[in-house]
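K.L.:
Handing you a structure now.
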Amino acid sequence: MKKIVYITGVGQSEVKRPSLKSGAELTIDACLEAVADAGLQLDDIDGVACWPGDNNNGAPFSPIGPVGLKTLLGLDVKWFGGGYEGPGPIAGIINGAMAIEAGLCRHVLVFRTITESSARLKDKTVSTLGKIGGKSGRDSNPLWMNYTPFNVHSATILIAMYAQKHFHDYGLTSEQLGQIAMTCRANAADNPKAIYKSPMSLDDYMSSRVIASPLRLFDCDVHCDASTAIILSRKDCAKDTRRDPVLIEAVGAGNSQPWSWDQISLTHMITRDVAKNMWSNTDLKPKDVDCAQLYDGFSILTLIWMEALGLCGIGEGGAFIEGGQRISRTGEMPINTNGGQLSGGRTHGLGYVHEACQQIWGRAGDRQLTKCDTAVVAAGGGPLGGSTLLRRADL
Amino acid sequence: MSQILPEITDENAAFWQGGEDGKLMITQCDDCAFYIHPPSGFCVKCRSKNVSPKPVSGKGKVASFTINHQQWLPDLKTPYTVAIVELVEQKGLRFVTNITGCDPETVHIDMPVEVNFQNHEDVWLPLFSPVTGRTAS
């Protein structure tokens with residue numbers, strides 16, 4: 001990596017459960033805020049990136065893709081791209097950065113919109129995997145068809161098996177795992193946009209119903225309607241924007257394993273491939289990280305990412321998070337400082353990048369960390385995974 | 001109807017339909033004997049195209065599992081056990097299935113299991129149950 005890509009602005013719509021705004025309205029709100037935050041005009045944007053894009057005819061998991069956005073905002077772009085098949089929920093950041101490094105673009109608008117909350121009001125089964133049907137109502141998806149005949153209707157079931165394996169191999173306990181959800185809830189109390197802000201005790205966590213053992217309701221993230229947008233700028237062009245843009249120090253997109261949920265490592269999924277790849281792109285080390293914004297679609301994924309990224313030892317995540325102090329905002333490795341997706345809302349990927357930038361820029365309000373120069377973001381579960389290392393940098 | 005069935009293709013037919021003859025069929029490389037799953041026409045180990053489905057023992061162990069309590073669809077009966085079973089033939093040769101024929105609370109990682117088949121239309125789902133101590137008849 002040439003290290004010439006900077007984040008120069010961020011934006012986010014309201015985060016609601018549900019929002020009365022459409023996916024398009026939320027997207028416009030987020031993108032206009034991000035462009036203004038960077039001090040740019042829409043005419044300055046010459047690239048658009050998104051994961052996964054509109055990969056299912058406007059389905060609520062991702063109702064708007066790059067072509068939809070480009071048309072909505074009337075953009076004149078030199079490059080645009082989206083698609084599910086990439087390094088997970090922050091693939092838009094990675095692809096956008098590549099477009100800039102390749103010399104195709106100056107300012108890329110990366111965004112991610114999700115409207116699962118309002119969709120679930122109409123149909124609670126809207127997100128179940130069983131909704132995917134081929135000819136004669138059969139599952140023809142080359143991946144999911146191996147799981148849905150066995151009543152795997154949600155990724156929850158697959159990820160619960162990774163959690164079970166971690167409990168078995170490393171001795172992780174429910175009381176330890178509960179600290180992820182409790183920490184996110186405590187952080188959400190200081191995020192005005194968060195969905196759930198009321199305090200959560202260990203008793204609250206332990207008494208929440210089991211969804212798929214050992215995962216409980218509070219191990220699963222909360223659906224919302226929201227859009228998040230991030231502006232990436234080439235180094236020489238970033239000088240015209242914010243005075244203190246955030247450098248994309250490194251990205252991780254490695255993948256040595258099959259694209260599958262049952263053929264990959266059951267203890268670490270794809271995370272160690274991604275982490276190894278990211279650290280190979282930088283001279284920084286895990287000890288340089290001030291905070292970690294790690295995917296918590298399910299709590300166990302945050303723990304697995306912590307281990308894979310070297311923020312604690314492999315198999316030592318349970319002991320590291322025990323009691324919650326180390327991962328709190330005053331601890332040695334604060335995580336998910338805006339409440340994550342568990343309590344903040346399932347913005348699905350870019351919310352972590354947004355929060356990392358707010359912390360580095362000192363704009364996180366009541367939840368601002370004392371020191372945050374470097375942040376790691378990682379997102380995904382199963383075969384999906386990508387990461388990025390962000391740091392404050394003077395141009 | 002919560003029972004979802006897979007679309008049968010030339011490549012996966014032996015796996016999903018072998019149960020009609022009581023056989024669990026796994027694609028194997030004819031050159032290096034490596035098992036490939038899910039079924040495909042290419043050996044990822046020696047990169048040979050000479051692969052074909054072969055019957056395996058149907059014995060394995062639970063690599064991981066979960067007891068699902070959530071009613072994802074209106075007519076879904078809960079709880080039920082989803083597992084990833086690793087077959088004895090090869091390390092890492094595994095797939096998602098259900099564990100039946102026992103109390104879900106007795107399922108554990110490394111539990112020895114053996115295959116049985118559940119027929120729906122032209123599909124024989126390979127399910128697994130604990131190995132019983134029965135003697136050969």
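The chains in the structure tokens are called A, B, ... from first to last as shown; in each chain the residues are counted from 1, and the ligands are counted from 1 in the order shown.
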Would you kindly report the residues of chain A within 7 Å of chain B, using only C-alpha atoms, as a PyMOL selection string?

P.N.:
chain A and resi 125+128+130+138-140+145+147-150+153+157+160-161+164-165+210-213+262-263

K.L.:
Would you mind exporting C-alpha atoms of the selected residues as an mmCIF file, in the first residue's frame?

P.N.:
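Once written, result03.cif looks like this:
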data_model
loop_
_atom_site.group_PDB
_atom_site.id
_atom_site.type_symbol
_atom_site.label_atom_id
_atom_site.label_comp_id
_atom_site.auth_asym_id
_atom_site.auth_seq_id
_atom_site.Cartn_x
_atom_site.Cartn_y
_atom_site.Cartn_z
ATOM 1 C CA THR A 125 -39.229 -13.564 8.529
ATOM 2 C CA THR A 128 -34.506 -15.706 7.208
ATOM 3 C CA GLY A 130 -35.336 -19.881 3.957
ATOM 4 C CA ARG A 138 -35.941 -25.114 -3.613
ATOM 5 C CA ASP A 139 -32.796 -23.456 -2.327
ATOM 6 C CA SER A 140 -30.433 -23.037 -5.276
ATOM 7 C CA MET A 145 -28.432 -24.779 0.084
ATOM 8 C CA TYR A 147 -27.487 -25.445 5.413
ATOM 9 C CA THR A 148 -31.161 -24.526 4.970
ATOM 10 C CA PRO A 149 -32.379 -28.164 4.544
ATOM 11 C CA PHE A 150 -31.217 -28.669 8.154
ATOM 12 C CA HIS A 153 -32.653 -20.209 8.876
ATOM 13 C CA ILE A 157 -27.176 -20.836 14.148
ATOM 14 C CA ALA A 160 -23.566 -20.226 17.663
ATOM 15 C CA MET A 161 -21.507 -23.263 16.612
ATOM 16 C CA GLN A 164 -19.812 -23.459 21.222
ATOM 17 C CA LYS A 165 -16.395 -24.437 19.846
ATOM 18 C CA VAL A 210 -31.360 -18.506 24.550
ATOM 19 C CA ILE A 211 -31.674 -18.124 20.778
ATOM 20 C CA ALA A 212 -29.216 -20.837 19.710
ATOM 21 C CA SER A 213 -27.018 -22.171 22.508
ATOM 22 C CA ASP A 262 -18.688 -25.045 7.738
ATOM 23 C CA GLN A 263 -15.387 -25.684 5.894
#

K.L.:
Given the choices B:Cys43, B:Leu24, B:Ala14, B:Cys102, which gets closest to Thr132 (chain B) if the distance is worked out from only C-alpha atoms?

P.N.:
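Result for the nearest residue to Thr132 (chain B): B:Cys102.
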
K.L.:
Would you list the contacts of Gly96 (chain A) as an MDAnalysis selection string, taking every protein, DNA or RNA residue within 9 Å and counting only C-alpha atoms, but skipping same-chain residues closer than 4 positions in sequence?

P.N.:
chainID A and resid 47:50 80:81 91:92 100:101 105 107:110 232

K.L.:
Write the residues of the preceding selection, restricted to N, CA and C atoms, as a PDB file, in the first residue's frame.

P.N.:
ATOM      1  N   GLY A  47     -16.003   9.152  -7.344  1.00  0.00           N
ATOM      2  CA  GLY A  47     -16.053   7.697  -7.203  1.00  0.00           C
ATOM      3  C   GLY A  47     -17.090   7.315  -6.149  1.00  0.00           C
ATOM      4  N   VAL A  48     -17.698   6.130  -6.307  1.00  0.00           N
ATOM      5  CA  VAL A  48     -18.684   5.643  -5.343  1.00  0.00           C
ATOM      6  C   VAL A  48     -18.418   4.163  -5.080  1.00  0.00           C
ATOM      7  N   ALA A  49     -18.364   3.798  -3.786  1.00  0.00           N
ATOM      8  CA  ALA A  49     -18.153   2.394  -3.430  1.00  0.00           C
ATOM      9  C   ALA A  49     -19.127   1.991  -2.333  1.00  0.00           C
ATOM     10  N   CYS A  50     -19.492   0.727  -2.347  1.00  0.00           N
ATOM     11  CA  CYS A  50     -20.473   0.238  -1.384  1.00  0.00           C
ATOM     12  C   CYS A  50     -20.333  -1.268  -1.230  1.00  0.00           C
ATOM     13  N   PHE A  80     -16.998   3.408 -10.136  1.00  0.00           N
ATOM     14  CA  PHE A  80     -17.963   3.039  -9.097  1.00  0.00           C
ATOM     15  C   PHE A  80     -18.014   1.521  -9.022  1.00  0.00           C
ATOM     16  N   GLY A  81     -18.387   1.012  -7.848  1.00  0.00           N
ATOM     17  CA  GLY A  81     -18.436  -0.438  -7.715  1.00  0.00           C
ATOM     18  C   GLY A  81     -19.048  -0.879  -6.407  1.00  0.00           C
ATOM     19  N   ALA A  91     -15.817  -3.719   2.913  1.00  0.00           N
ATOM     20  CA  ALA A  91     -15.218  -3.857   1.581  1.00  0.00           C
ATOM     21  C   ALA A  91     -15.317  -2.570   0.777  1.00  0.00           C
ATOM     22  N   GLY A  92     -16.343  -1.765   1.023  1.00  0.00           N
ATOM     23  CA  GLY A  92     -16.475  -0.492   0.314  1.00  0.00           C
ATOM     24  C   GLY A  92     -15.285   0.420   0.579  1.00  0.00           C
ATOM     25  N   ILE A 100      -8.559   4.832  -5.481  1.00  0.00           N
ATOM     26  CA  ILE A 100      -7.730   6.035  -5.347  1.00  0.00           C
ATOM     27  C   ILE A 100      -6.257   5.692  -5.568  1.00  0.00           C
ATOM     28  N   GLU A 101      -5.795   4.601  -4.943  1.00  0.00           N
ATOM     29  CA  GLU A 101      -4.389   4.201  -5.128  1.00  0.00           C
ATOM     30  C   GLU A 101      -4.091   3.885  -6.592  1.00  0.00           C
ATOM     31  N   CYS A 105      -9.504   7.837  -9.039  1.00  0.00           N
ATOM     32  CA  CYS A 105     -10.373   8.822  -8.375  1.00  0.00           C
ATOM     33  C   CYS A 105      -9.585   9.714  -7.422  1.00  0.00           C
ATOM     34  N   HIS A 107     -11.767  11.707  -4.920  1.00  0.00           N
ATOM     35  CA  HIS A 107     -12.616  11.635  -3.720  1.00  0.00           C
ATOM     36  C   HIS A 107     -13.686  10.568  -3.942  1.00  0.00           C
ATOM     37  N   VAL A 108     -13.648   9.512  -3.135  1.00  0.00           N
ATOM     38  CA  VAL A 108     -14.626   8.429  -3.266  1.00  0.00           C
ATOM     39  C   VAL A 108     -15.625   8.493  -2.109  1.00  0.00           C
ATOM     40  N   LEU A 109     -16.895   8.425  -2.455  1.00  0.00           N
ATOM     41  CA  LEU A 109     -17.970   8.379  -1.459  1.00  0.00           C
ATOM     42  C   LEU A 109     -18.300   6.911  -1.194  1.00  0.00           C
ATOM     43  N   VAL A 110     -18.063   6.459   0.041  1.00  0.00           N
ATOM     44  CA  VAL A 110     -18.376   5.082   0.449  1.00  0.00           C
ATOM     45  C   VAL A 110     -19.613   5.140   1.337  1.00  0.00           C
ATOM     46  N   LEU A 232     -13.432   9.191   1.211  1.00  0.00           N
ATOM     47  CA  LEU A 232     -12.010   8.879   1.063  1.00  0.00           C
ATOM     48  C   LEU A 232     -11.401   9.864   0.071  1.00  0.00           C
TER      49      LEU A 232
END

K.L.:
Which residue out of A:Arg216, A:Tyr84, A:Trp261, A:Cys31 has the minimum interatomic distance to Leu143 (chain A) when only C-alpha atoms are used?

P.N.:
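Selected residue with least distance to Leu143 (chain A): A:Trp261.
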
K.L.:
May I have the residues within 7 Å of Ile64 (chain A) as a VMD selection string, using only C-alpha atoms and disregarding those fewer than 6 positions away in the same chain?

P.N.:
chain A and resid 53 to 54 58 113

K.L.:
Just the number, please: distance in Å from CA of Asn151 (chain A) to CA of Lys124 (chain A), one decimal.

P.N.:
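The value is 16.7 Å.
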
K.L.:
Show me, as a PyMOL selection string, the residues that have an atom within 7 Å of region 271-277 of chain A when counting only C-alpha atoms, minus same-chain residues fewer than 4 positions from it.

P.N.:
chain A and resi 252-256+281+305+308-309+385-387

K.L.:
Atoms to include: C-alpha atoms. Write the selected residues as a PDB file, in the first residue's frame.

P.N.:
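Below is the file part.pdb, written as the result:
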ATOM      1  CA  GLY A 252      -6.756  -6.559   5.679  1.00  0.00           C
ATOM      2  CA  ALA A 253      -8.522  -8.593   3.018  1.00  0.00           C
ATOM      3  CA  GLY A 254      -6.710 -11.940   3.033  1.00  0.00           C
ATOM      4  CA  ASN A 255      -8.589 -15.205   2.683  1.00  0.00           C
ATOM      5  CA  SER A 256      -6.880 -18.620   2.477  1.00  0.00           C
ATOM      6  CA  ASN A 281       0.856  -3.975   5.445  1.00  0.00           C
ATOM      7  CA  TRP A 305     -11.662 -10.545  16.187  1.00  0.00           C
ATOM      8  CA  ALA A 308      -7.155 -12.698  15.729  1.00  0.00           C
ATOM      9  CA  LEU A 309      -5.948  -9.090  15.670  1.00  0.00           C
ATOM     10  CA  GLY A 385     -14.118 -10.462   6.838  1.00  0.00           C
ATOM     11  CA  GLY A 386     -12.066  -7.339   6.353  1.00  0.00           C
ATOM     12  CA  SER A 387     -10.214  -4.869   8.516  1.00  0.00           C
TER      13      SER A 387
END

K.L.:
Determine which residues of region 79-133 of chain A receive a DSSP assignment of strand (DSSP E), computed from the backbone, and state them as a list in words.

P.N.:
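Assigned to strand (DSSP E), within region 79-133 of chain A: Trp79, Phe80, Gly81, His107, Val108, Leu109, Val110, Phe111, Arg112, Thr113, Ile114 and Thr115 of chain A.
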
K.L.:
Enumerate, as a VMD selection string, the complete set of residues in region 53-160 of chain A that a backbone-based DSSP assignment places in alpha helix (DSSP H).

P.N.:
chain A and resid 66 to 73 91 to 101 116 to 122 155 to 160

K.L.:
Calculate how many Å separate CA of Val107 (chain B) from CA of Val222 (chain A), rounding to one decimal.

P.N.:
29.8 Å

K.L.:
Quick one: distance from CA of Pro214 (chain A) to CA of Ala163 (chain A) in Å, one decimal?

P.N.:
6.8 Å

K.L.:
Let me make sure I understand: among A:Asn57, A:Thr330, A:Thr282, A:Ser22, which one has the smallest atom-to-atom distance to Leu390 (chain A) if we use only C-alpha atoms?

P.N.:
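Going through A:Asn57, A:Thr330, A:Thr282, A:Ser22 one by one, the smallest distance to Leu390 (chain A) is for A:Thr282.
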
K.L.:
For region 337-342 of chain A, please output as a ChimeraX atom specification all residues within 8 Å (counting only C-alpha atoms; exclusion window: fewer than 4 positions along the same chain).

P.N.:
/A:181,183-191,194,218-222,293-299,329,346-348,351-352,355,367

K.L.:
Given the selection you just returned, output its residues as a file containing N, CA and C atoms, formatted as a JSON list (two decimals), in the first residue's frame.

P.N.:
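The result, written out as result.json:
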[["chain", "number", "residue", "atom", "x", "y", "z"],
["A", 181, "ALA", "N", -21.68, -7.63, 25.55],
["A", 181, "ALA", "CA", -22.99, -6.96, 25.47],
["A", 181, "ALA", "C", -23.11, -5.86, 26.51],
["A", 183, "THR", "N", -20.69, -4.11, 27.95],
["A", 183, "THR", "CA", -19.81, -2.99, 27.61],
["A", 183, "THR", "C", -20.44, -2.14, 26.51],
["A", 184, "CYS", "N", -20.99, -2.80, 25.50],
["A", 184, "CYS", "CA", -21.65, -2.05, 24.43],
["A", 184, "CYS", "C", -22.83, -1.24, 24.98],
["A", 185, "ARG", "N", -23.60, -1.85, 25.88],
["A", 185, "ARG", "CA", -24.75, -1.14, 26.43],
["A", 185, "ARG", "C", -24.30, 0.08, 27.24],
["A", 186, "ALA", "N", -23.22, -0.09, 28.01],
["A", 186, "ALA", "CA", -22.71, 1.03, 28.80],
["A", 186, "ALA", "C", -22.25, 2.17, 27.88],
["A", 187, "ASN", "N", -21.60, 1.83, 26.79],
["A", 187, "ASN", "CA", -21.14, 2.85, 25.84],
["A", 187, "ASN", "C", -22.32, 3.53, 25.14],
["A", 188, "ALA", "N", -23.35, 2.74, 24.84],
["A", 188, "ALA", "CA", -24.52, 3.28, 24.14],
["A", 188, "ALA", "C", -25.21, 4.37, 24.95],
["A", 189, "ALA", "N", -25.09, 4.29, 26.26],
["A", 189, "ALA", "CA", -25.73, 5.30, 27.12],
["A", 189, "ALA", "C", -25.22, 6.69, 26.79],
["A", 190, "ASP", "N", -24.02, 6.79, 26.25],
["A", 190, "ASP", "CA", -23.43, 8.10, 25.92],
["A", 190, "ASP", "C", -23.43, 8.37, 24.42],
["A", 191, "ASN", "N", -24.22, 7.60, 23.70],
["A", 191, "ASN", "CA", -24.39, 7.85, 22.26],
["A", 191, "ASN", "C", -25.85, 8.24, 22.00],
["A", 194, "ALA", "N", -27.98, 5.91, 19.84],
["A", 194, "ALA", "CA", -28.07, 4.48, 20.10],
["A", 194, "ALA", "C", -29.52, 4.03, 20.31],
["A", 218, "PHE", "N", -29.27, -11.17, 23.94],
["A", 218, "PHE", "CA", -28.39, -10.01, 24.06],
["A", 218, "PHE", "C", -27.02, -10.21, 23.42],
["A", 219, "ASP", "N", -26.79, -11.40, 22.86],
["A", 219, "ASP", "CA", -25.58, -11.63, 22.06],
["A", 219, "ASP", "C", -25.81, -11.25, 20.60],
["A", 220, "CYS", "N", -27.04, -10.92, 20.25],
["A", 220, "CYS", "CA", -27.40, -10.63, 18.86],
["A", 220, "CYS", "C", -27.65, -9.13, 18.69],
["A", 221, "ASP", "N", -27.24, -8.59, 17.56],
["A", 221, "ASP", "CA", -27.37, -7.14, 17.38],
["A", 221, "ASP", "C", -28.82, -6.73, 17.13],
["A", 222, "VAL", "N", -29.06, -5.42, 17.15],
["A", 222, "VAL", "CA", -30.42, -4.91, 17.08],
["A", 222, "VAL", "C", -30.66, -4.24, 15.72],
["A", 293, "GLN", "N", -12.88, -1.05, 17.11],
["A", 293, "GLN", "CA", -14.29, -1.04, 16.73],
["A", 293, "GLN", "C", -14.51, -2.34, 15.95],
["A", 294, "LEU", "N", -15.05, -3.33, 16.62],
["A", 294, "LEU", "CA", -15.05, -4.69, 16.09],
["A", 294, "LEU", "C", -16.46, -5.23, 15.94],
["A", 295, "TYR", "N", -16.68, -5.85, 14.83],
["A", 295, "TYR", "CA", -18.01, -6.32, 14.44],
["A", 295, "TYR", "C", -18.69, -7.11, 15.57],
["A", 296, "ASP", "N", -19.88, -6.69, 15.91],
["A", 296, "ASP", "CA", -20.65, -7.37, 16.96],
["A", 296, "ASP", "C", -22.07, -7.67, 16.48],
["A", 297, "GLY", "N", -22.16, -8.14, 15.25],
["A", 297, "GLY", "CA", -23.43, -8.71, 14.82],
["A", 297, "GLY", "C", -23.83, -9.79, 15.81],
["A", 298, "PHE", "N", -22.80, -10.47, 16.32],
["A", 298, "PHE", "CA", -22.94, -11.38, 17.45],
["A", 298, "PHE", "C", -21.73, -11.16, 18.35],
["A", 299, "SER", "N", -21.96, -11.16, 19.67],
["A", 299, "SER", "CA", -20.91, -10.84, 20.63],
["A", 299, "SER", "C", -19.66, -11.70, 20.43],
["A", 329, "ARG", "N", -14.25, 2.07, 28.33],
["A", 329, "ARG", "CA", -13.64, 3.28, 27.76],
["A", 329, "ARG", "C", -12.43, 3.76, 28.56],
["A", 346, "ARG", "N", -27.73, -1.92, 14.22],
["A", 346, "ARG", "CA", -27.05, -2.72, 13.20],
["A", 346, "ARG", "C", -26.86, -1.91, 11.92],
["A", 347, "THR", "N", -25.93, -0.95, 11.98],
["A", 347, "THR", "CA", -25.62, -0.15, 10.80],
["A", 347, "THR", "C", -24.79, -0.98, 9.82],
["A", 348, "HIS", "N", -24.28, -2.09, 10.29],
["A", 348, "HIS", "CA", -23.64, -3.14, 9.50],
["A", 348, "HIS", "C", -22.38, -2.70, 8.77],
["A", 351, "GLY", "N", -20.61, 1.80, 10.43],
["A", 351, "GLY", "CA", -20.79, 2.45, 11.73],
["A", 351, "GLY", "C", -19.51, 2.41, 12.55],
["A", 352, "TYR", "N", -18.75, 1.33, 12.42],
["A", 352, "TYR", "CA", -17.48, 1.20, 13.16],
["A", 352, "TYR", "C", -16.44, 2.20, 12.64],
["A", 355, "GLU", "N", -17.41, 5.68, 13.88],
["A", 355, "GLU", "CA", -17.07, 5.90, 15.29],
["A", 355, "GLU", "C", -15.56, 6.03, 15.48],
["A", 367, "ARG", "N", -18.70, 10.26, 25.18],
["A", 367, "ARG", "CA", -18.01, 8.96, 25.16],
["A", 367, "ARG", "C", -16.58, 9.08, 24.61]]

K.L.:
So that I can check the surroundings of Cys291 (chain A), please list as a PyMOL selection string every protein, DNA and RNA residue that reaches within 12 Å of it, counting only C-alpha atoms and ignoring chain neighbours fewer than 4 positions away.

P.N.:
chain A and resi 286-287+306+311+326-338+352-353+355-360+368-378+389-391

K.L.:
Give me a file of those residues, with N, CA and C atoms, as a compact mmCIF listing (two decimals), in the first residue's frame.

P.N.:
# COMPACT_ATOMS: atom_id res chain seq x y z
N PRO A 286 -0.08 -4.36 17.30
CA PRO A 286 -1.29 -4.33 18.13
C PRO A 286 -1.17 -3.40 19.35
N LYS A 287 0.03 -3.29 19.91
CA LYS A 287 0.18 -2.44 21.10
C LYS A 287 -0.02 -0.96 20.79
N MET A 306 -10.87 -9.85 18.41
CA MET A 306 -9.86 -9.37 19.36
C MET A 306 -8.67 -10.32 19.38
N LEU A 311 -5.02 -8.37 19.89
CA LEU A 311 -5.30 -7.44 20.98
C LEU A 311 -5.28 -8.18 22.31
N ARG A 326 -11.09 -4.07 31.15
CA ARG A 326 -10.09 -3.87 30.09
C ARG A 326 -10.70 -3.35 28.79
N ILE A 327 -11.96 -3.70 28.52
CA ILE A 327 -12.58 -3.28 27.24
C ILE A 327 -13.51 -2.08 27.42
N SER A 328 -13.52 -1.51 28.64
CA SER A 328 -14.33 -0.31 28.86
C SER A 328 -13.59 0.92 28.32
N ARG A 329 -14.25 2.07 28.33
CA ARG A 329 -13.64 3.28 27.76
C ARG A 329 -12.43 3.76 28.56
N THR A 330 -12.29 3.27 29.82
CA THR A 330 -11.11 3.62 30.62
C THR A 330 -10.13 2.46 30.70
N GLY A 331 -10.38 1.42 29.94
CA GLY A 331 -9.51 0.24 30.00
C GLY A 331 -8.39 0.30 28.98
N GLU A 332 -7.62 -0.77 28.93
CA GLU A 332 -6.46 -0.78 28.02
C GLU A 332 -6.84 -0.97 26.56
N MET A 333 -8.01 -1.54 26.29
CA MET A 333 -8.44 -1.72 24.90
C MET A 333 -9.96 -1.48 24.78
N PRO A 334 -10.35 -0.19 24.76
CA PRO A 334 -11.78 0.11 24.63
C PRO A 334 -12.34 -0.46 23.33
N ILE A 335 -13.52 -1.06 23.41
CA ILE A 335 -14.16 -1.60 22.21
C ILE A 335 -15.51 -0.92 21.98
N ASN A 336 -15.90 -0.82 20.74
CA ASN A 336 -17.25 -0.43 20.32
C ASN A 336 -17.80 0.72 21.16
N THR A 337 -17.09 1.83 21.09
CA THR A 337 -17.34 2.95 22.00
C THR A 337 -18.66 3.66 21.76
N ASN A 338 -19.32 3.37 20.64
CA ASN A 338 -20.64 3.98 20.41
C ASN A 338 -21.79 3.02 20.75
N TYR A 352 -18.75 1.33 12.42
CA TYR A 352 -17.48 1.20 13.16
C TYR A 352 -16.44 2.20 12.64
N VAL A 353 -16.41 2.39 11.33
CA VAL A 353 -15.47 3.35 10.73
C VAL A 353 -15.85 4.76 11.16
N GLU A 355 -17.41 5.68 13.88
CA GLU A 355 -17.07 5.90 15.29
C GLU A 355 -15.56 6.03 15.48
N ALA A 356 -14.79 5.23 14.77
CA ALA A 356 -13.33 5.33 14.88
C ALA A 356 -12.87 6.73 14.51
N CYS A 357 -13.44 7.29 13.45
CA CYS A 357 -13.05 8.64 13.03
C CYS A 357 -13.49 9.68 14.05
N GLN A 358 -14.71 9.54 14.57
CA GLN A 358 -15.17 10.50 15.58
C GLN A 358 -14.23 10.51 16.78
N GLN A 359 -13.78 9.32 17.19
CA GLN A 359 -12.86 9.24 18.33
C GLN A 359 -11.51 9.89 18.00
N ILE A 360 -10.99 9.61 16.81
CA ILE A 360 -9.69 10.18 16.43
C ILE A 360 -9.79 11.70 16.31
N GLN A 368 -16.09 10.33 24.52
CA GLN A 368 -14.75 10.55 23.97
C GLN A 368 -13.67 9.88 24.83
N LEU A 369 -12.78 9.17 24.18
CA LEU A 369 -11.66 8.56 24.87
C LEU A 369 -10.60 9.61 25.19
N THR A 370 -9.85 9.39 26.25
CA THR A 370 -8.79 10.34 26.63
C THR A 370 -7.74 10.42 25.54
N LYS A 371 -7.36 9.25 24.99
CA LYS A 371 -6.36 9.23 23.93
C LYS A 371 -6.85 8.32 22.81
N CYS A 372 -6.88 8.83 21.60
CA CYS A 372 -7.21 7.96 20.47
C CYS A 372 -6.53 8.50 19.22
N ASP A 373 -5.35 8.00 18.96
CA ASP A 373 -4.61 8.35 17.74
C ASP A 373 -4.73 7.26 16.68
N THR A 374 -4.91 6.02 17.13
CA THR A 374 -4.93 4.88 16.22
C THR A 374 -6.10 3.97 16.60
N ALA A 375 -6.86 3.57 15.59
CA ALA A 375 -8.02 2.69 15.84
C ALA A 375 -8.00 1.56 14.82
N VAL A 376 -8.40 0.40 15.27
CA VAL A 376 -8.56 -0.71 14.34
C VAL A 376 -10.05 -0.99 14.18
N VAL A 377 -10.44 -1.24 12.94
CA VAL A 377 -11.82 -1.59 12.62
C VAL A 377 -11.78 -2.94 11.91
N ALA A 378 -12.65 -3.85 12.33
CA ALA A 378 -12.76 -5.14 11.62
C ALA A 378 -14.22 -5.54 11.61
N LEU A 389 -6.79 -0.32 9.55
CA LEU A 389 -6.11 0.35 10.65
C LEU A 389 -6.09 1.84 10.30
N LEU A 390 -6.64 2.65 11.18
CA LEU A 390 -6.78 4.09 10.92
C LEU A 390 -5.94 4.87 11.94
N ARG A 391 -5.31 5.93 11.47
CA ARG A 391 -4.55 6.72 12.44
C ARG A 391 -4.53 8.21 12.08

K.L.:
From the list B:Ser52, B:Gln118, B:Ser57, B:Thr106, which residue is nearest Phe34 (chain B) when using only C-alpha atoms?

P.N.:
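Result for the nearest residue to Phe34 (chain B): B:Ser52.
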